[in-house]
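Peer 1: Please read through the structure below; I'll follow up with questions.
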Amino acid sequence: MELTDVMAVEQAQAGDREAFRVLVERHSRPAFRLAYRMTGNQQDAEDVVQESFLRAYRQLGRFDHRASFATWFYRITVNCALDVVRARQRRAAQPSSPDGNQPDALASLASADPGPDRMAMSGQIGERVAEAMRELSPNERHAFVLRHFEGVAIEEIGRLLGVAPGAAKHSVFRAVQKLRHALEPLVETAR
Amino acid sequence: MNHLAEEDLILYYYGEAPDARGVETHLAGCEACRAEYAALQRVLNVVESFPVPERAENYGRQVWERLGLGSRRSWIPWRWPARRWAAAAGVAALMLGAFLAGRFSPGPPRSGRAAASAPQVRERVLLVALGDHLERSQMVLVELANANPRRELDISAEQQRASDLIRENRLYRQTAARTGDAAVAGVLDELERILLEVARGPSELTPAGLERLRQRIRADGILFKVRVIGSTVQNQEDRAAQNPAARKL
C-alpha cells in the first residue's frame with residue numbers, strides 16, 4: 001500500500017527517516033517547478049528545493065496537520081524562494097534585468113533545448129513567455145506565479161509575500177497587464 | 001452600459017470575483033466584454049507554456065541523497081527533550097579535554113582497526129553530541145537570519161531553544177578554554193553571546209528588531225565559524241563511523 005503524506009509525516013515525526021525520504025522523493029519535482037518559476041534560475045531553484053527540505057526537516061516536529069503536508073511544505077518553498085531572490089538582489093552589484101535575474105537565464109533556457117518534438121511556433125511562444133515573465137518586477141512575478149501556476153488565493157498570496165491583500169491583487173493585475181501587452185500580438189498572430 | 005473592468009475579468013478568470021454571477025450575466029449580454037475576456041483567456045492560457053526545465057524521474061532520490069539526512073545518526077533533533085541534550089552535553093564535556101588535546105585538528109586517518117577501544121567509543125559519542133550542538137545552534141541562527149524581514153515575528157520557540165543551547169554551550173566553551181583550545185573556545189564564546197541576545201531579547205520582534213539581529217548574526221560571521229567547526233567535527237565523526245569498532249554505537 002502506498003504511504004500517504006499523512007502517514008509518512010506521522011511516521012517521520014516518530015523517527016522513521018524512510019518516511020521522510022518518501023516525502024522528499026514525492027515533492028521534489030513540484031517543488032523544483034515552483035522554485036524555478038519563482039526564481040527564474042535553475043541553480044537557485046535547486047538550492048531552494050534543498051533548503052526547503054532542510055527547513056521542513058527541522059520544523060517537522062512542529063507540523064500539526066492543520067494544513068496538508070503539501071500546503072505546508074509549499075509555503076516553506078515559497079519563503080525559501082523569496083529569501084533566495086532577495087539575497088540575489090542584495091548581491092546584484094552587476095547590471096541585471098529589473099527583477100534581478102541573470103540577464104539571459106530564462107531566454108537561454110527556453111531556447112537551449114526545445115526538443116525535437118516541439119514545433120517552432122510553440123518554442124517561440126515559450127521563449128516569448130519566458131521573456132515576458134522576466135520583465136515582471138519581483139513582486140509581480142511572485143504574485144502572478146502563485147496565483148496563476150499554483151492556484152493560491154490572493155489573500156494568501158498577501159500573507160506569503162508579507163503585503164496587504166490589496167497590494168497582492170495589484171501585483172497580479174500589473175503582471176497580467178504586462179503579459180498581455182507583451183504576448184497579445186504574438187497570440188493574435190498565431191490564431 | 002458600463003463595461004467590465006480588466007480587473008473584474010482577471011478576478012473572474014481566477015475564480016475570485018466577488019460577484020461572479022454578475023460578471024457571468026454581463027458577459028452573456030455584452031459582446032465587447034466577451035471579446036475582451038476571450039483575449040485575456042488566450043494570453044493566460046499561452047502563459048502555461050512558460051518553459052520549466054524538466055527534472056529526471058529520479059530527481060527526488062537525488063535530492064534526498066544531497067540532503068544527507070539518511071546518514072545522520074540523530075536525524076530527528078526535535079525529539080530529544082532539553083534535559084537529554086543537557087545530560088549529553090554534560091557527559092560530552094567531561095570527555096572534551098582529551099578530545100581537544102590534539103584531536104580536533106584534522107590529522108592523518110587512523111590506521112588501527114583493532115577491537116573496540118574505550119577512547120574510540122568516547123570520541124564518537126563526543127563527536128555526535130558536539131556536532132549536534134553545533135548543528136542545532138546553526139539552525140536557530142539560520143532560521144532567524146532567513147525569517148521574513150517585513151513582518152513582526154514571534155521568536156519564543158527560538159528563544160527556548162537558544163536557552164537550552166546556552167547551557168550546553170557553556171560546558172563546551174569552559175572545557176575548551178581549560179584545555180587551551182583558544183580557537184574553539186573563542187567561537188563558542190561568540191556563539192554564546194549571540195544565543196544570549198536571542199534568549200534574553202523580546203520574544204516579539206519588529207521588522208527593525210529582526211533586521212538588527214540579522215545584521216548582528218551576519219556581522220560577526222558566526223554562522224560561517226560554526227559551520228567550519230561543525231564540518232571539522234563531521235569529518236572526524238565520519239572517520240569514527242568508518243571504524244568498525246565505533247560503528248557498534
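Identifiers in this document derive from the order of the C-alpha cells: chains are assigned A, B, ..., residues are numbered from 1 separately in each chain, and ligands are numbered from 1 in order of occurrence.
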Which residues are close to segment 49-59 of chain A, i.e. within 9 Å by only C-alpha atoms, leaving aside same-chain residues fewer than 6 positions away? Reply as a VMD selection string.
Peer 2: (chain A and resid 20 24 28 to 29 31 to 32 35 72 to 74 76 to 81) or (chain B and resid 63 to 64 66 to 67 69 75 to 78 139 143)
Peer 1: Need the shell around segment 147-152 of chain A: protein/DNA/RNA residues with any atom at most 9 Å away, counting only C-alpha atoms. Skip same-chain ones fewer than 2 positions apart. Format as a PyMOL selection string?
Peer 2: (chain A and resi 34+37+142-145+154-157+172) or (chain B and resi 14+44+47-48)
Peer 1: What does the distance between atom CA of Leu141 of chain B and atom CA of Arg167 of chain B come to in Å, to one decimal place?
Peer 2: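 Answer for the atom CA of Leu141 of chain B to atom CA of Arg167 of chain B separation: 16.5 Å.
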Peer 1: Given only C-alpha atoms as the basis, pick out the residue of B:Phe50, B:Ala5, B:Ala176, B:His26 nearest to chain A.
Peer 2: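 Closest residue, counting only C-alpha atoms: B:Phe50.
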Peer 1: Considering only C-alpha atoms, can you say which of B:Ile229, B:Pro53, B:Arg61, B:Gln215 comes closest to Glu18 of chain A?
Peer 2: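 Between B:Ile229, B:Pro53, B:Arg61, B:Gln215, the residue approaching Glu18 of chain A most closely is B:Arg61.
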Peer 1: Can you list, as a PyMOL selection string, every residue of chain A that DSSP puts in helix (DSSP H, G or I)?
Peer 2: chain A and resi 5-13+17-39+42-62+69-91+105-112+120-134+138-149+154-161+165-190
Peer 1: Go ahead and save the picked residues with C-alpha atoms, as a CSV table (one decimal), in the first residue's frame.
Peer 2:
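Once everything was written out, this is out-v9.csv:
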```
chain,number,residue,atom,x,y,z
A,5,ASP,CA,1.5,12.0,3.0
A,6,VAL,CA,-0.4,12.0,6.4
A,7,MET,CA,1.1,8.5,7.2
A,8,ALA,CA,4.5,9.5,6.0
A,9,VAL,CA,4.6,12.6,8.2
A,10,GLU,CA,3.4,10.8,11.2
A,11,GLN,CA,6.0,8.1,10.8
A,12,ALA,CA,8.7,10.7,10.1
A,13,GLN,CA,7.7,12.5,13.2
A,17,ARG,CA,13.7,8.5,8.2
A,18,GLU,CA,12.5,6.3,5.3
A,19,ALA,CA,9.1,8.0,5.7
A,20,PHE,CA,10.7,11.4,5.3
A,21,ARG,CA,12.6,10.1,2.3
A,22,VAL,CA,9.2,9.3,0.7
A,23,LEU,CA,8.1,12.9,1.3
A,24,VAL,CA,11.3,14.2,-0.3
A,25,GLU,CA,11.1,12.0,-3.3
A,26,ARG,CA,7.4,12.7,-3.8
A,27,HIS,CA,7.5,16.5,-3.5
A,28,SER,CA,10.9,17.3,-5.1
A,29,ARG,CA,9.8,17.8,-8.6
A,30,PRO,CA,6.7,20.0,-7.9
A,31,ALA,CA,9.0,22.0,-5.5
A,32,PHE,CA,11.5,22.5,-8.3
A,33,ARG,CA,8.8,23.7,-10.7
A,34,LEU,CA,7.6,26.2,-8.1
A,35,ALA,CA,11.1,27.3,-7.2
A,36,TYR,CA,12.1,27.7,-10.8
A,37,ARG,CA,9.0,29.8,-11.7
A,38,MET,CA,9.7,32.0,-8.6
A,39,THR,CA,13.4,32.4,-9.1
A,42,GLN,CA,17.9,26.6,-12.3
A,43,GLN,CA,20.7,26.7,-9.8
A,44,ASP,CA,18.7,28.9,-7.5
A,45,ALA,CA,15.8,26.6,-7.8
A,46,GLU,CA,17.9,23.6,-6.9
A,47,ASP,CA,19.2,25.5,-3.9
A,48,VAL,CA,15.6,26.4,-2.9
A,49,VAL,CA,14.5,22.8,-3.1
A,50,GLN,CA,17.3,21.6,-0.9
A,51,GLU,CA,16.9,24.4,1.6
A,52,SER,CA,13.2,23.9,1.8
A,53,PHE,CA,13.5,20.2,2.7
A,54,LEU,CA,16.1,21.1,5.3
A,55,ARG,CA,13.8,23.6,6.8
A,56,ALA,CA,10.9,21.1,6.6
A,57,TYR,CA,13.1,18.5,8.3
A,58,ARG,CA,14.0,20.9,11.1
A,59,GLN,CA,10.4,22.0,11.6
A,60,LEU,CA,8.6,18.7,11.1
A,61,GLY,CA,8.2,18.3,14.9
A,62,ARG,CA,6.0,21.4,14.9
A,69,PHE,CA,1.9,18.5,4.2
A,70,ALA,CA,1.9,19.7,0.5
A,71,THR,CA,0.5,23.1,1.5
A,72,TRP,CA,2.8,23.4,4.5
A,73,PHE,CA,5.8,22.4,2.5
A,74,TYR,CA,4.9,24.6,-0.4
A,75,ARG,CA,4.7,27.6,1.9
A,76,ILE,CA,8.2,26.8,3.1
A,77,THR,CA,9.4,26.6,-0.5
A,78,VAL,CA,7.8,29.9,-1.4
A,79,ASN,CA,9.6,31.6,1.6
A,80,CYS,CA,12.9,30.0,0.7
A,81,ALA,CA,12.5,31.2,-2.9
A,82,LEU,CA,11.7,34.7,-1.7
A,83,ASP,CA,14.8,34.6,0.5
A,84,VAL,CA,17.0,33.5,-2.4
A,85,VAL,CA,15.7,36.1,-4.7
A,86,ARG,CA,16.1,38.9,-2.0
A,87,ALA,CA,19.7,37.6,-1.3
A,88,ARG,CA,20.4,37.7,-5.0
A,89,GLN,CA,19.1,41.2,-5.3
A,90,ARG,CA,21.3,42.3,-2.4
A,91,ARG,CA,24.3,40.8,-4.1
A,105,ALA,CA,18.9,32.9,-17.9
A,106,LEU,CA,15.3,32.3,-18.9
A,107,ALA,CA,15.6,33.1,-22.5
A,108,SER,CA,18.6,30.8,-22.9
A,109,LEU,CA,16.8,28.0,-21.0
A,110,ALA,CA,13.7,28.5,-23.1
A,111,SER,CA,15.7,28.3,-26.3
A,112,ALA,CA,18.5,26.0,-25.3
A,120,ALA,CA,8.8,26.0,-34.0
A,121,MET,CA,5.9,28.2,-33.1
A,122,SER,CA,5.3,26.7,-29.7
A,123,GLY,CA,9.1,27.1,-29.0
A,124,GLN,CA,8.9,30.7,-30.0
A,125,ILE,CA,5.9,31.2,-27.8
A,126,GLY,CA,7.6,29.6,-24.8
A,127,GLU,CA,10.6,31.8,-25.4
A,128,ARG,CA,8.4,34.9,-25.5
A,129,VAL,CA,6.6,33.9,-22.4
A,130,ALA,CA,9.9,33.5,-20.6
A,131,GLU,CA,11.0,36.9,-21.8
A,132,ALA,CA,7.7,38.5,-20.7
A,133,MET,CA,8.0,36.8,-17.3
A,134,ARG,CA,11.5,38.2,-16.9
A,138,PRO,CA,9.8,40.6,-8.3
A,139,ASN,CA,6.5,41.2,-6.6
A,140,GLU,CA,4.6,40.9,-9.8
A,141,ARG,CA,6.3,37.8,-10.7
A,142,HIS,CA,5.9,36.1,-7.3
A,143,ALA,CA,2.3,37.1,-7.0
A,144,PHE,CA,1.5,36.0,-10.5
A,145,VAL,CA,3.3,32.7,-10.2
A,146,LEU,CA,1.4,31.9,-7.0
A,147,ARG,CA,-1.9,32.9,-8.4
A,148,HIS,CA,-1.6,31.5,-11.9
A,149,PHE,CA,0.5,28.4,-11.6
A,154,ILE,CA,-4.9,36.5,-3.5
A,155,GLU,CA,-5.4,36.9,0.3
A,156,GLU,CA,-3.0,34.0,1.0
A,157,ILE,CA,-0.5,35.5,-1.5
A,158,GLY,CA,-0.5,38.7,0.5
A,159,ARG,CA,0.3,36.7,3.6
A,160,LEU,CA,3.1,34.8,1.9
A,161,LEU,CA,4.6,37.9,0.4
A,165,PRO,CA,-4.2,41.7,0.0
A,166,GLY,CA,-4.8,44.9,-2.0
A,167,ALA,CA,-1.1,45.1,-2.8
A,168,ALA,CA,-1.0,41.4,-3.8
A,169,LYS,CA,-4.1,41.9,-6.0
A,170,HIS,CA,-2.4,44.9,-7.6
A,171,SER,CA,0.7,42.9,-8.3
A,172,VAL,CA,-1.4,40.2,-10.0
A,173,PHE,CA,-3.2,42.8,-12.1
A,174,ARG,CA,0.0,44.5,-13.1
A,175,ALA,CA,1.6,41.2,-14.1
A,176,VAL,CA,-1.4,40.2,-16.2
A,177,GLN,CA,-1.4,43.6,-17.9
A,178,LYS,CA,2.3,43.4,-18.7
A,179,LEU,CA,1.9,39.8,-20.0
A,180,ARG,CA,-1.0,40.8,-22.2
A,181,HIS,CA,1.0,43.8,-23.6
A,182,ALA,CA,3.9,41.5,-24.4
A,183,LEU,CA,2.1,38.4,-25.6
A,184,GLU,CA,-1.1,39.5,-27.2
A,185,PRO,CA,0.4,40.4,-30.6
A,186,LEU,CA,2.0,37.0,-30.7
A,187,VAL,CA,-1.1,35.2,-29.6
A,188,GLU,CA,-3.3,37.1,-32.1
A,189,THR,CA,-0.8,36.3,-34.9
A,190,ALA,CA,-0.9,32.6,-34.1
```
Peer 1: Which residues come within 12 Å of Arg21 of chain B, counting only C-alpha atoms, excluding same-chain residues fewer than 6 positions away, as a PyMOL selection string?
Peer 2: chain B and resi 8+12+15+27-28
Peer 1: Store the residues picked out above in a file with N, CA and C atoms, as a short mmCIF file (atom, residue, chain, number, x, y, z; two decimals), in the first residue's frame.
Peer 2:
```
data_model
loop_
_atom_site.label_atom_id
_atom_site.label_comp_id
_atom_site.auth_asym_id
_atom_site.auth_seq_id
_atom_site.Cartn_x
_atom_site.Cartn_y
_atom_site.Cartn_z
N ASP B 8 -11.88 43.14 -13.09
CA ASP B 8 -13.02 42.23 -12.84
C ASP B 8 -12.83 40.93 -13.62
N TYR B 12 -12.32 37.21 -12.23
CA TYR B 12 -13.27 36.18 -12.67
C TYR B 12 -12.53 34.97 -13.24
N GLY B 15 -11.36 32.87 -10.57
CA GLY B 15 -12.39 32.40 -9.64
C GLY B 15 -12.45 33.21 -8.37
N LEU B 27 -21.35 39.19 -19.14
CA LEU B 27 -20.67 38.60 -20.31
C LEU B 27 -21.69 38.01 -21.29
N ALA B 28 -22.75 37.44 -20.74
CA ALA B 28 -23.75 36.82 -21.61
C ALA B 28 -24.42 37.86 -22.52
#
```
Peer 1: Kindly give the distance, in Å, that separates atom CA of Lys225 of chain B and atom CA of Asp189 of chain B, rounded to a single decimal.
Peer 2: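 According to the coordinates, atom CA of Lys225 of chain B and atom CA of Asp189 of chain B are separated by 11.5 Å.
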Peer 1: Please provide as an mmCIF file with C-alpha atoms, in the first residue's frame all residues within 10 Å of Ala32 of chain B, with the sequence filter that same-chain residues fewer than 4 positions apart are discarded (counting only C-alpha atoms).
Peer 2:
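Saved as part39.cif:
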```cif
data_model
loop_
_atom_site.group_PDB
_atom_site.id
_atom_site.type_symbol
_atom_site.label_atom_id
_atom_site.label_comp_id
_atom_site.auth_asym_id
_atom_site.auth_seq_id
_atom_site.Cartn_x
_atom_site.Cartn_y
_atom_site.Cartn_z
ATOM 1 C CA HIS B 3 -18.349 47.529 -19.339
ATOM 2 C CA LEU B 4 -16.442 45.280 -17.007
ATOM 3 C CA LEU B 27 -20.673 38.602 -20.307
ATOM 4 C CA GLU B 36 -12.136 41.200 -24.125
ATOM 5 C CA TYR B 37 -12.439 38.212 -21.821
ATOM 6 C CA ALA B 38 -11.619 35.802 -24.657
#
```
Peer 1: Using only C-alpha atoms, pick whichever of A:Arg66, A:Ala164, A:Ala153, A:Glu135 has the shortest atom-to-atom distance to Gly40 of chain A.
Peer 2: A:Glu135
Peer 1: Distance atom CA of Val140 of chain B-atom CA of Leu165 of chain B, one decimal place?
Peer 2: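 That distance, rounded to one decimal, is 9.7 Å.
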